[in-house]
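Comments concern the structure below.
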Amino acid sequence: MKKWMMALAATCAAAVMVLSGCGNTPSVHVTKAAISTEPFTLETKAAPEALHTAPVIPSVSGGLISNPPDIGATVKAGDVLFKIDASQYEAQASALQQKIAESSAQAAPVYNGPSVDNSLEASLLKQGIITRAEYEKIKGRSMPSGGAVSGGGAPDPGLIASLQTLQKTIASCTVRAPISGVVSQVYLGDTHMAMAGKPALVIRQDSPVVATIELPVRLDSVMEKAKDEKTLTVSMSDGKGVWYGELKQQPNQNGEKYTTYKIQVDNPQNEITIGNEYDIRVESGQNVSCIMIPDSAIIGDNTVAIVNDGNLVDIKDVSIASRQGGYAMIMDGLSEGDRVITDPPKDIEMGMQVDVK
C-alpha cells in the first residue's frame, strides 16, 4: 500500500512539473552578428552644463554685513555680491596712519644754521690748494652751503607696507562678481560667515551650454572627416525645440577605448535649462563598420544575450549608437559570428541552457 502511494505521489509531482514548465529548456531564436557598413548616427541623452562658471572665493574671513544674492539671481561683472565686516581692519588702519603721521613729524629735516669748519681740509680749501669737489670727497659729505641738516629720513617703510596691506584687505571685504551670469550655488549658509580661500557662491553663464558624450576611439577619424567635409550635424532637443551646435573633441583621458566629446550649443534666450536631460543626436554623414541587430534583442539599456557553443547563455554589455527602423547599431561589445538571441525570455540569465530554433 505504501509503495503504491509513493508511486502515485511521484507521478503527480512529475505531472505538476510538466504542466508548470519546470525543467523545460527554453527555445530561442538567434541571429548571427555580421559586420555591416552604415552611415553613423548617435542617439543618446545628456544633461547640459554651463560652459563658463566662476566660484567666488573671498580672500578675507569675517561676518557678513549684507545679504548675499539668492540662487537664480542675475548679476553683472563688478556688481557687489556681499560685504564682510571690515571694522577691525579699519581700526587697525587708522592706528597705523596715526603712527605714520607721528613718524613723519619726527623725521622732518631740521636746519641747524651755518656751521663753522676749522678742519685742515677747510683751511686747504680756503687757500685754494684743493677744490670744493676734492674737499667734499675728503669729508665724505655733501651739505647745503651755509648750514647743516639733522634728523632727515622718511617714515618707517614697514609701517607703510602694513598700511597698504590693510587697505587691500579692507577693499577685499567688498566682494564683487567676477563675471556676469546667474548665481547657481550659495555656500554661506545660515551663519553668514565668509571664510578666506573657500567658495562663497558660484556664478554660471547659461550660454553657451555643453553636454558630454563618449565615442569609441576608432570614430575619431570619422568625426574629423565629417567636420572637414561639412557633413556633420549635431543637435539637442527636448521633443519640442531643436538646437544645433558643434562637436569638440576633448583630450583623451579614457585610455584607448573611448574619447570624450563636448557638444556646445548657444543658449542666448535661456531656452535650454541647465541640468535637464535632453536628446542628443550626432549625424556624421560618413559610413562606419558596425553590427546591426534587431531592436528586440536589446535587454534593458545596453545588454544582449548570446548563445555559446554549449548552448549556454552569455550576457554582454554593448555600445549602442542608435536605434532606427527596428534595428540597433552596435559599435562595440559584439564580435562577428556571435549568435545573438533576438527574443530573450524575461527570466533569461547568465549560464542558462537554451534550445536554438
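The way I read the labels, and the way they are meant: chains A, B, ... in the order of the C-alpha cells, residue 1 as the first residue of every chain, and ligand 1 as the first ligand shown, with later ones counted on from there.
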Strand (DSSP E) positions in region 41-272 of chain A, given as JSON, numbers by chain: {"A": [41, 42, 43, 44, 45, 46, 49, 50, 51, 52, 53, 54, 55, 56, 62, 63, 74, 75, 80, 81, 82, 83, 110, 111, 149, 150, 174, 175, 176, 181, 182, 183, 184, 185, 186, 193, 194, 201, 202, 203, 204, 205, 206, 207, 208, 209, 210, 211, 212, 213, 214, 215, 216, 233, 234, 235, 236, 237, 242, 243, 244, 246, 247, 248, 249, 258, 259, 260, 261, 262, 263, 264, 265]}
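Restricting the calculation to only C-alpha atoms, the smallest distance between Leu159 (chain A) and any of A:Ser94, A:Ser296, A:Ser221, A:Thr342 is found for A:Ser94.
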Selection near region 279-281 of chain A, 7 Å with only C-alpha atoms, sequence-local residues under 5 positions removed, as a ChimeraX atom specification: /A:42-46,234-238
Limited to N, CA, C and O atoms, could you put the picked residues into a file as an mmCIF file, in the first residue's frame?
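Heads up, here's the output in selection_5.cif:
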```cif
data_model
loop_
_atom_site.group_PDB
_atom_site.id
_atom_site.type_symbol
_atom_site.label_atom_id
_atom_site.label_comp_id
_atom_site.auth_asym_id
_atom_site.auth_seq_id
_atom_site.Cartn_x
_atom_site.Cartn_y
_atom_site.Cartn_z
ATOM 1 N N LEU A 42 24.504 58.826 -33.940
ATOM 2 C CA LEU A 42 24.484 58.591 -32.497
ATOM 3 C C LEU A 42 23.229 59.222 -31.910
ATOM 4 O O LEU A 42 22.910 60.377 -32.199
ATOM 5 N N GLU A 43 22.517 58.451 -31.094
ATOM 6 C CA GLU A 43 21.377 58.964 -30.345
ATOM 7 C C GLU A 43 21.595 58.635 -28.876
ATOM 8 O O GLU A 43 21.783 57.471 -28.518
ATOM 9 N N THR A 44 21.593 59.665 -28.046
ATOM 10 C CA THR A 44 21.791 59.440 -26.621
ATOM 11 C C THR A 44 21.102 60.559 -25.854
ATOM 12 O O THR A 44 20.435 61.422 -26.439
ATOM 13 N N LYS A 45 21.246 60.547 -24.546
ATOM 14 C CA LYS A 45 20.686 61.594 -23.700
ATOM 15 C C LYS A 45 21.786 62.165 -22.825
ATOM 16 O O LYS A 45 22.729 61.463 -22.449
ATOM 17 N N ALA A 46 21.671 63.448 -22.521
ATOM 18 C CA ALA A 46 22.666 64.096 -21.673
ATOM 19 C C ALA A 46 22.063 65.334 -21.042
ATOM 20 O O ALA A 46 21.122 65.929 -21.596
ATOM 21 N N VAL A 234 24.980 68.219 -35.482
ATOM 22 C CA VAL A 234 24.885 67.959 -34.046
ATOM 23 C C VAL A 234 23.699 68.749 -33.512
ATOM 24 O O VAL A 234 23.572 69.951 -33.772
ATOM 25 N N SER A 235 22.823 68.080 -32.758
ATOM 26 C CA SER A 235 21.639 68.777 -32.253
ATOM 27 C C SER A 235 21.272 68.310 -30.852
ATOM 28 O O SER A 235 21.643 67.231 -30.409
ATOM 29 N N MET A 236 20.506 69.171 -30.178
ATOM 30 C CA MET A 236 19.982 68.903 -28.844
ATOM 31 C C MET A 236 18.491 69.206 -28.894
ATOM 32 O O MET A 236 18.079 70.222 -29.468
ATOM 33 N N SER A 237 17.676 68.337 -28.304
ATOM 34 C CA SER A 237 16.228 68.523 -28.409
ATOM 35 C C SER A 237 15.536 68.117 -27.115
ATOM 36 O O SER A 237 15.991 67.209 -26.410
ATOM 37 N N ASP A 238 14.427 68.801 -26.830
ATOM 38 C CA ASP A 238 13.583 68.420 -25.691
ATOM 39 C C ASP A 238 12.259 67.828 -26.164
ATOM 40 O O ASP A 238 11.320 67.673 -25.382
#
```
Within 9 Å of Val60 (chain A), counting only C-alpha atoms, which residues show up once you throw out same-chain ones fewer than 5 positions away? Write them as a compact mmCIF listing (two decimals) with C-alpha atoms, in the first residue's frame, please.
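Result file around.txt:
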```txt
# COMPACT_ATOMS: atom_id res chain seq x y z
CA ILE A 84 32.28 91.44 5.01
CA THR A 169 42.17 93.82 2.96
CA ILE A 170 39.52 96.49 3.53
CA SER A 172 38.58 92.86 -0.32
CA CYS A 173 35.79 92.99 2.25
CA ALA A 194 32.75 84.14 4.91
CA MET A 195 35.91 82.02 5.03
CA ALA A 196 39.06 83.08 3.22
CA GLY A 197 40.03 80.61 0.50
```
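Among the candidates A:Val217, A:Gly72, A:Thr41, A:Gly62, the residue lying nearest to Arg323 (chain A) is A:Thr41 (atoms considered: only C-alpha atoms).
Of the listed residues A:Leu81, A:Ile330, A:Val307, A:Val242, the one whose atoms come nearest to Lys357 (chain A) is A:Val307, with distances taken using only C-alpha atoms.
Compared by their closest atoms to Gln324 (chain A), and using only C-alpha atoms, the residues A:Asp301, A:Pro39, A:Ser27, A:Pro345 rank with A:Pro39 nearest.
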Exercise: Ala200 (chain A) partners within 10 Å, only C-alpha atoms, chain neighbours under 2 positions left out, as number ranges by chain: A: 55-58, 68, 82, 175, 185-189, 192-198, 202
For Asp309 (chain A): contacts at 12 Å, only C-alpha atoms, fewer than 3 positions along chain excluded, given as JSON, numbers by chain: {"A": [306, 312, 313, 314, 337, 338, 339, 351, 353, 354, 355, 356]}
Could you produce a table of the residues of region 25-58 of chain A lying within 12 Å of region 346-349 of chain A, with the nearest pair of atoms per residue and their separation in Å rounded to one decimal, using only C-alpha atoms, ordered by chain and increasing residue number, as CSV?
```
residue,atom,partner,partner_atom,distance
A:Thr25,CA,A:Ile348,CA,11.3
A:Pro26,CA,A:Ile348,CA,9.3
A:Ser27,CA,A:Ile348,CA,11.2
A:Val28,CA,A:Ile348,CA,10.5
```
Exercise: Lys32 (chain A) partners within 12 Å, only C-alpha atoms, chain neighbours under 2 positions left out, as number ranges by chain: A: 29-30, 34-35, 291-294, 297, 305-308, 334-342
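We find CA of Gln269 (chain A) and CA of Tyr244 (chain A) to be spaced 14.0 Å apart.
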